$ cat data_0.csv   # CSV, C-alpha atoms and all ligand atoms
chain,number,residue,atom,x,y,z
V,1,MET,CA,17.5,-33.9,-18.6
V,2,THR,CA,20.8,-34.8,-17.0
V,3,GLN,CA,23.0,-32.3,-15.3
V,4,ASP,CA,25.5,-32.6,-18.1
V,5,GLU,CA,22.8,-31.8,-20.7
V,6,ILE,CA,21.7,-28.8,-18.7
V,7,LEU,CA,25.2,-27.5,-18.5
V,8,ARG,CA,25.7,-28.0,-22.3
V,9,GLU,CA,22.4,-26.2,-22.9
V,10,MET,CA,23.8,-23.3,-20.9
V,11,GLY,CA,27.0,-23.4,-22.9
V,12,LEU,CA,28.8,-23.9,-19.6
V,13,GLY,CA,30.7,-27.2,-20.0
V,14,PRO,CA,33.1,-27.9,-17.2
V,15,VAL,CA,36.4,-26.1,-17.6
V,16,TRP,CA,38.5,-28.5,-15.4
V,17,LYS,CA,38.7,-32.2,-15.7
V,18,LEU,CA,39.7,-33.7,-12.4
V,19,ARG,CA,41.8,-35.1,-10.9
V,20,ALA,CA,44.5,-36.8,-8.8
V,21,LYS,CA,43.4,-39.5,-6.5
V,22,ALA,CA,42.7,-38.2,-3.0
V,23,ALA,CA,45.1,-38.7,-0.2
V,24,ALA,CA,43.5,-40.7,2.6
V,25,VAL,CA,42.6,-39.7,6.1
V,26,PRO,CA,43.2,-42.0,9.0
V,27,ALA,CA,40.3,-43.8,10.6
V,28,ALA,CA,39.0,-42.3,13.8
V,29,GLU,CA,40.4,-44.9,16.0
V,30,SER,CA,44.0,-44.2,14.8
V,31,MET,CA,43.9,-40.6,15.7
V,32,ALA,CA,45.5,-38.9,18.8
V,33,PRO,CA,43.1,-37.5,21.4
V,34,ALA,CA,41.9,-33.9,21.0
V,35,VAL,CA,44.2,-32.5,23.6
V,36,THR,CA,46.4,-29.5,23.1
V,37,GLU,CA,49.9,-30.6,23.7
V,38,PRO,CA,52.3,-28.2,22.2
V,39,GLN,CA,55.3,-30.4,22.8
V,40,GLN,CA,53.7,-33.3,20.8
V,41,GLU,CA,55.0,-33.6,17.3
V,42,PRO,CA,52.3,-33.9,14.6
V,43,ALA,CA,52.2,-37.0,12.5
V,44,PRO,CA,53.8,-36.8,9.1
V,45,PRO,CA,51.5,-35.3,6.4
V,46,ALA,CA,49.1,-37.4,4.5
V,47,ALA,CA,49.4,-40.5,6.7
V,48,ALA,CA,47.7,-43.3,5.0
V,49,ALA,CA,44.4,-44.7,6.0
V,50,ASP,CA,40.9,-44.8,4.6
V,51,LYS,CA,38.4,-42.0,5.1
V,52,THR,CA,35.7,-43.4,2.9
V,53,GLY,CA,32.5,-44.4,4.8
V,54,LEU,CA,33.0,-42.0,7.7
V,55,SER,CA,29.7,-40.8,9.1
V,56,TRP,CA,29.2,-37.2,10.0
V,57,ASP,CA,29.8,-38.0,13.7
V,58,GLU,CA,32.9,-40.0,12.9
V,59,LEU,CA,34.2,-37.3,10.6
V,60,ALA,CA,33.6,-34.7,13.3
V,61,SER,CA,35.4,-36.6,16.0
V,62,THR,CA,38.3,-37.5,13.6
V,63,VAL,CA,38.8,-33.8,12.7
V,64,ALA,CA,38.5,-32.7,16.3
V,65,ALA,CA,41.3,-35.1,17.2
V,66,CYS,CA,43.4,-34.6,14.1
V,67,ARG,CA,47.1,-33.9,14.4
V,68,LEU,CA,48.2,-34.7,10.9
V,69,CYS,CA,49.7,-31.3,10.2
V,70,ARG,CA,51.4,-28.5,12.1
V,71,LEU,CA,48.2,-26.4,12.2
V,72,CYS,CA,47.1,-28.6,15.1
V,73,GLU,CA,49.8,-27.0,17.3
V,74,ALA,CA,48.3,-23.5,17.8
V,75,ARG,CA,44.6,-24.2,17.4
V,76,LYS,CA,42.1,-23.9,20.2
V,77,GLN,CA,39.8,-26.3,18.3
V,78,ALA,CA,39.4,-27.7,14.8
V,79,VAL,CA,36.5,-26.1,12.9
V,80,LEU,CA,34.7,-28.7,10.7
V,81,GLY,CA,32.0,-26.5,9.2
V,82,VAL,CA,28.5,-25.3,9.8
V,83,GLY,CA,25.1,-25.5,8.2
V,84,ASP,CA,22.6,-27.8,6.5
V,85,ARG,CA,24.2,-31.2,6.0
V,86,HIS,CA,22.0,-31.8,3.0
V,87,ALA,CA,22.4,-28.3,1.5
V,88,ASP,CA,22.2,-27.6,-2.2
V,89,TRP,CA,24.8,-24.9,-1.7
V,90,LEU,CA,28.3,-25.5,-0.3
V,91,PHE,CA,30.6,-22.5,0.3
V,92,VAL,CA,34.3,-23.3,0.9
V,93,GLY,CA,36.7,-20.8,2.4
V,94,GLU,CA,40.4,-20.9,3.3
V,95,GLY,CA,40.7,-21.6,7.0
V,96,PRO,CA,39.5,-20.5,10.4
V,97,GLY,CA,40.7,-17.1,11.7
V,98,ALA,CA,41.1,-16.1,15.4
V,99,GLU,CA,37.4,-15.7,16.1
V,100,GLU,CA,36.4,-18.9,14.3
V,101,ASP,CA,39.1,-20.7,16.2
V,102,LEU,CA,37.6,-19.5,19.5
V,103,ARG,CA,34.0,-20.1,18.6
V,104,GLY,CA,34.4,-23.3,16.5
V,105,GLU,CA,32.4,-22.0,13.6
V,106,PRO,CA,33.6,-20.8,10.2
V,107,PHE,CA,33.1,-17.2,9.0
V,108,VAL,CA,32.0,-15.5,12.2
V,109,GLY,CA,34.2,-12.4,12.1
V,110,GLN,CA,33.9,-9.4,9.7
V,111,ALA,CA,34.4,-11.6,6.7
V,112,GLY,CA,31.6,-13.8,8.0
V,113,LYS,CA,29.3,-10.8,8.2
V,114,LEU,CA,30.1,-10.0,4.6
V,115,LEU,CA,29.5,-13.6,3.6
V,116,ASP,CA,26.1,-13.5,5.4
V,117,ASN,CA,25.3,-10.4,3.4
V,118,MET,CA,26.4,-12.1,0.2
V,119,LEU,CA,24.2,-15.0,1.0
V,120,ALA,CA,21.2,-12.7,1.8
V,121,ALA,CA,21.7,-11.0,-1.6
V,122,ILE,CA,20.9,-14.2,-3.4
V,123,GLY,CA,18.1,-15.2,-1.0
V,124,LEU,CA,20.2,-17.6,1.2
V,125,ARG,CA,20.7,-17.8,4.9
V,126,ARG,CA,23.4,-19.5,6.9
V,127,GLY,CA,22.2,-22.9,7.9
V,128,ALA,CA,19.2,-23.0,5.5
V,129,ASP,CA,20.1,-25.0,2.4
V,130,VAL,CA,23.7,-23.7,2.8
V,131,TYR,CA,26.8,-25.4,4.3
V,132,ILE,CA,30.0,-23.5,5.0
V,133,ALA,CA,33.4,-25.2,5.3
V,134,ASN,CA,37.0,-24.4,4.9
V,135,ALA,CA,39.9,-25.9,3.0
V,136,VAL,CA,41.8,-26.4,6.3
V,137,LYS,CA,40.1,-27.1,9.5
V,138,CYS,CA,42.6,-25.5,11.9
V,139,ARG,CA,43.7,-21.9,12.2
V,140,PRO,CA,46.9,-21.1,10.4
V,141,PRO,CA,49.1,-19.0,12.9
V,142,GLU,CA,48.9,-15.2,12.3
V,143,ASN,CA,46.2,-15.9,9.8
V,144,ARG,CA,48.7,-16.8,7.2
V,145,THR,CA,47.7,-18.7,4.0
V,146,PRO,CA,47.8,-22.4,4.5
V,147,THR,CA,50.7,-24.1,2.7
V,148,PRO,CA,50.0,-26.5,-0.2
V,149,GLU,CA,51.1,-29.3,2.1
V,150,GLU,CA,48.6,-28.3,4.8
V,151,THR,CA,45.7,-28.1,2.3
V,152,ALA,CA,46.7,-31.4,0.7
V,153,THR,CA,46.8,-33.1,4.1
V,154,CYS,CA,43.4,-31.7,5.2
V,155,ARG,CA,41.7,-32.1,1.8
V,156,PRO,CA,40.3,-35.6,2.4
V,157,TYR,CA,38.1,-34.2,5.2
V,158,LEU,CA,36.6,-31.7,2.8
V,159,GLU,CA,36.2,-34.4,0.2
V,160,ARG,CA,34.3,-36.5,2.7
V,161,GLN,CA,32.1,-33.6,3.6
V,162,ILE,CA,31.2,-33.1,0.0
V,163,GLU,CA,30.4,-36.8,-0.4
V,164,LEU,CA,28.1,-36.6,2.6
V,165,ILE,CA,26.4,-33.3,1.6
V,166,GLN,CA,26.1,-33.9,-2.1
V,167,PRO,CA,25.6,-30.3,-2.9
V,168,LYS,CA,24.2,-29.1,-6.3
V,169,LEU,CA,26.7,-26.3,-6.5
V,170,ILE,CA,30.1,-25.5,-4.8
V,171,VAL,CA,31.4,-22.0,-4.4
V,172,ALA,CA,35.1,-21.7,-3.7
V,173,LEU,CA,35.8,-18.5,-1.8
V,174,GLY,CA,39.4,-17.4,-2.7
V,175,ARG,CA,42.4,-19.0,-4.2
V,176,PRO,CA,43.4,-21.6,-1.6
V,177,ALA,CA,39.9,-23.0,-1.6
V,178,ALA,CA,39.7,-23.0,-5.4
V,179,GLN,CA,43.1,-24.6,-5.8
V,180,THR,CA,42.3,-27.3,-3.1
V,181,LEU,CA,39.1,-28.3,-4.9
V,182,LEU,CA,40.3,-28.0,-8.5
V,183,GLN,CA,43.8,-29.4,-7.9
V,184,SER,CA,45.2,-26.8,-10.2
V,185,GLU,CA,46.8,-23.3,-10.1
V,186,VAL,CA,43.9,-20.8,-10.0
V,187,LYS,CA,43.9,-17.0,-10.4
V,188,ILE,CA,40.5,-15.9,-9.2
V,189,GLY,CA,40.4,-12.9,-11.6
V,190,ALA,CA,40.9,-15.3,-14.6
V,191,GLU,CA,38.6,-18.2,-13.4
V,192,ARG,CA,35.6,-16.4,-12.0
V,193,GLY,CA,32.6,-16.2,-14.2
V,194,LYS,CA,33.2,-19.8,-15.5
V,195,LEU,CA,31.6,-23.0,-14.5
V,196,HIS,CA,34.2,-25.5,-13.2
V,197,ASP,CA,33.8,-29.1,-12.2
V,198,TYR,CA,34.5,-30.9,-9.0
V,199,ARG,CA,33.9,-34.6,-9.6
V,200,GLY,CA,30.7,-33.9,-11.6
V,201,ILE,CA,29.5,-31.1,-9.3
V,202,PRO,CA,29.5,-27.6,-10.8
V,203,LEU,CA,31.9,-25.3,-9.0
V,204,ILE,CA,32.2,-21.5,-9.2
V,205,VAL,CA,35.1,-19.5,-7.9
V,206,THR,CA,34.9,-16.0,-6.5
V,207,TYR,CA,36.7,-13.7,-4.1
V,208,HIS,CA,37.1,-14.5,-0.4
V,209,PRO,CA,35.1,-12.1,1.7
V,210,ALA,CA,38.2,-11.1,3.6
V,211,TYR,CA,39.8,-10.0,0.4
V,212,LEU,CA,36.7,-8.0,-0.6
V,213,LEU,CA,36.9,-6.1,2.8
V,214,ARG,CA,40.4,-5.0,1.7
V,215,THR,CA,39.7,-4.5,-2.0
V,216,LEU,CA,36.5,-2.5,-2.4
V,217,GLN,CA,36.9,-2.2,-6.2
V,218,ASP,CA,36.3,-5.9,-6.6
V,219,LYS,CA,32.9,-5.9,-4.9
V,220,ALA,CA,31.2,-5.2,-8.2
V,221,ARG,CA,32.8,-8.3,-9.7
V,222,ALA,CA,31.7,-10.3,-6.6
V,223,TRP,CA,28.2,-9.1,-7.2
V,224,GLU,CA,28.4,-10.4,-10.8
V,225,ASP,CA,29.6,-13.7,-9.4
V,226,LEU,CA,26.6,-13.9,-7.0
V,227,CYS,CA,24.3,-13.3,-9.9
V,228,PHE,CA,26.1,-16.0,-11.9
V,229,MET,CA,25.7,-18.4,-8.9
V,230,ARG,CA,22.0,-17.7,-8.6
V,231,ARG,CA,21.4,-18.2,-12.4
V,232,THR,CA,23.4,-21.4,-12.3
V,233,MET,CA,21.5,-22.8,-9.4
V,234,LYS,CA,18.2,-21.9,-11.0
V,235,THR,CA,19.2,-23.9,-14.1
V,236,LEU,CA,20.4,-26.8,-12.0
V,237,LYS,CA,17.1,-26.9,-10.2
V,238,GLY,CA,15.2,-26.6,-13.5
V,239,ASN,CA,13.4,-23.4,-12.7
V,301,LIG,S1,44.4,-28.6,9.4
V,301,LIG,FE1,43.4,-30.5,8.9
V,301,LIG,S2,45.0,-31.9,8.6
V,301,LIG,FE2,45.9,-30.2,9.8
V,301,LIG,S3,45.6,-30.8,11.9
V,301,LIG,FE3,43.8,-29.6,11.3
V,301,LIG,S4,42.3,-31.1,10.7
V,301,LIG,FE4,44.3,-32.1,10.7

$ encode --input "data_0.csv" --output "structure tokens"
Amino acid sequence: MTQDEILREMGLGPVWKLRAKAAAVPAAESMAPAVTEPQQEPAPPAAAADKTGLSWDELASTVAACRLCRLCEARKQAVLGVGDRHADWLFVGEGPGAEEDLRGEPFVGQAGKLLDNMLAAIGLRRGADVYIANAVKCRPPENRTPTPEETATCRPYLERQIELIQPKLIVALGRPAAQTLLQSEVKIGAERGKLHDYRGIPLIVTYHPAYLLRTLQDKARAWEDLCFMRRTMKTLKGN
């Protein structure tokens, strides 16, 4: 049975149909070196070049050296992502925070602990059949929300990650991640509990763990979302 047939059986046809053609990312050799030079102007957003075909190593070095948007100016390092590069599960957050910027790994602060707990609740563990990434790879100053221009400029890196991972299910944690992937205005409260579609891959949106730390009353909804994710993956795997 094909994935589409499975989803139809579940009564969970894709809600969104995608989507605008992706902006391109420059090839590795066209990028500036990974040196923090505050006086250096970043390149204009969405500079044109082809990111298709980049290997994981090429993608990692390209992101490490990237200066395509202003988020490069205050970062300590770009944070590509962490986990199993052939995972069935892909979780996508918003962007690195202070601790992530220091350590070079997404979701390592308080929100990261909560995400680990959420993963454990559905029998998952960071790095084991799970990959974790962010919509933007560099820390927004003062942990502000990345602008639409910043997420659009960074999006081809995430798109290439998804092409390389080929996850069975994508979970968008919070609005910026959901909007980046779905290329549409998203209100998490309205779109959670539905099965969306990212280029043929089922996608579920839920609250960002940092939001849940501030908004305890939505933890019950997050639990419902976790149960929905687990049911969906079981169906996708045919068990
Ligand atoms: S956020 Fe993305 S596009 Fe902006 S500098 Fe970092 S890697 Fe490049």

$ residues_near_point --input "data_0.csv" --point "(25.3, -25.1, 10.1)" --cutoff "10 Å" --atoms "all atoms listed in the file" --output "list in words"
Gly81, Val82, Gly83, Asp84, Arg85, Ala87, Glu105, Pro106, Arg126, Gly127, Ala128, Asp129, Val130, Tyr131, Ile132 and Ala133 of chain V

$ closest_residue --input "data_0.csv" --among "V:Ala135, V:Ile122, V:Ala60, V:Cys154" --to "ligand LIG 301 (chain V)" --atoms "all atoms listed in the file"
V:Cys154

$ residues_near_ligand --input "data_0.csv" --ligand "ligand LIG 301 (chain V)" --cutoff "10 Å" --atoms "only C-alpha atoms and all ligand atoms" --output "PDB file with C-alpha atoms, in the coordinates of the input"
ATOM      1  CA  VAL V  25      42.600 -39.700   6.100  1.00  0.00           C
ATOM      2  CA  MET V  31      43.900 -40.600  15.700  1.00  0.00           C
ATOM      3  CA  PRO V  42      52.300 -33.900  14.600  1.00  0.00           C
ATOM      4  CA  ALA V  43      52.200 -37.000  12.500  1.00  0.00           C
ATOM      5  CA  PRO V  45      51.500 -35.300   6.400  1.00  0.00           C
ATOM      6  CA  ALA V  46      49.100 -37.400   4.500  1.00  0.00           C
ATOM      7  CA  ALA V  47      49.400 -40.500   6.700  1.00  0.00           C
ATOM      8  CA  ALA V  60      33.600 -34.700  13.300  1.00  0.00           C
ATOM      9  CA  THR V  62      38.300 -37.500  13.600  1.00  0.00           C
ATOM     10  CA  VAL V  63      38.800 -33.800  12.700  1.00  0.00           C
ATOM     11  CA  ALA V  64      38.500 -32.700  16.300  1.00  0.00           C
ATOM     12  CA  ALA V  65      41.300 -35.100  17.200  1.00  0.00           C
ATOM     13  CA  CYS V  66      43.400 -34.600  14.100  1.00  0.00           C
ATOM     14  CA  ARG V  67      47.100 -33.900  14.400  1.00  0.00           C
ATOM     15  CA  LEU V  68      48.200 -34.700  10.900  1.00  0.00           C
ATOM     16  CA  CYS V  69      49.700 -31.300  10.200  1.00  0.00           C
ATOM     17  CA  ARG V  70      51.400 -28.500  12.100  1.00  0.00           C
ATOM     18  CA  LEU V  71      48.200 -26.400  12.200  1.00  0.00           C
ATOM     19  CA  CYS V  72      47.100 -28.600  15.100  1.00  0.00           C
ATOM     20  CA  GLU V  73      49.800 -27.000  17.300  1.00  0.00           C
ATOM     21  CA  ALA V  74      48.300 -23.500  17.800  1.00  0.00           C
ATOM     22  CA  ARG V  75      44.600 -24.200  17.400  1.00  0.00           C
ATOM     23  CA  GLN V  77      39.800 -26.300  18.300  1.00  0.00           C
ATOM     24  CA  ALA V  78      39.400 -27.700  14.800  1.00  0.00           C
ATOM     25  CA  VAL V  79      36.500 -26.100  12.900  1.00  0.00           C
ATOM     26  CA  LEU V  80      34.700 -28.700  10.700  1.00  0.00           C
ATOM     27  CA  GLY V  95      40.700 -21.600   7.000  1.00  0.00           C
ATOM     28  CA  PRO V  96      39.500 -20.500  10.400  1.00  0.00           C
ATOM     29  CA  ASN V 134      37.000 -24.400   4.900  1.00  0.00           C
ATOM     30  CA  ALA V 135      39.900 -25.900   3.000  1.00  0.00           C
ATOM     31  CA  VAL V 136      41.800 -26.400   6.300  1.00  0.00           C
ATOM     32  CA  LYS V 137      40.100 -27.100   9.500  1.00  0.00           C
ATOM     33  CA  CYS V 138      42.600 -25.500  11.900  1.00  0.00           C
ATOM     34  CA  ARG V 139      43.700 -21.900  12.200  1.00  0.00           C
ATOM     35  CA  PRO V 140      46.900 -21.100  10.400  1.00  0.00           C
ATOM     36  CA  PRO V 146      47.800 -22.400   4.500  1.00  0.00           C
ATOM     37  CA  GLU V 149      51.100 -29.300   2.100  1.00  0.00           C
ATOM     38  CA  GLU V 150      48.600 -28.300   4.800  1.00  0.00           C
ATOM     39  CA  THR V 151      45.700 -28.100   2.300  1.00  0.00           C
ATOM     40  CA  ALA V 152      46.700 -31.400   0.700  1.00  0.00           C
ATOM     41  CA  THR V 153      46.800 -33.100   4.100  1.00  0.00           C
ATOM     42  CA  CYS V 154      43.400 -31.700   5.200  1.00  0.00           C
ATOM     43  CA  ARG V 155      41.700 -32.100   1.800  1.00  0.00           C
ATOM     44  CA  PRO V 156      40.300 -35.600   2.400  1.00  0.00           C
ATOM     45  CA  TYR V 157      38.100 -34.200   5.200  1.00  0.00           C
ATOM     46  CA  LEU V 158      36.600 -31.700   2.800  1.00  0.00           C
TER      47      LEU V 158
END

$ atom_distance --input "data_0.csv" --atom1 "CA of Ala190 in chain V" --atom2 "CA of Ala172 in chain V"
13.9 Å

$ closest_residue --input "data_0.csv" --among "V:Leu124, V:Val186, V:Ile162, V:Val205" --to "Gly93 in chain V" --atoms "all atoms listed in the file"
V:Val205

$ closest_residue --input "data_0.csv" --among "V:His86, V:Arg103, V:Arg199, V:Arg192" --to "Leu226 in chain V" --atoms "all atoms listed in the file"
V:Arg192

$ atom_distance --input "data_0.csv" --atom1 "CA of Trp89 in chain V" --atom2 "CA of Pro167 in chain V"
5.6 Å

$ atom_distance --input "data_0.csv" --atom1 "CA of Leu115 in chain V" --atom2 "CA of Lys168 in chain V"
19.1 Å

$ closest_residue --input "data_0.csv" --among "V:Ile188, V:Ala178, V:Val171, V:Val108" --to "Arg221 in chain V" --atoms "all atoms listed in the file"
V:Ile188
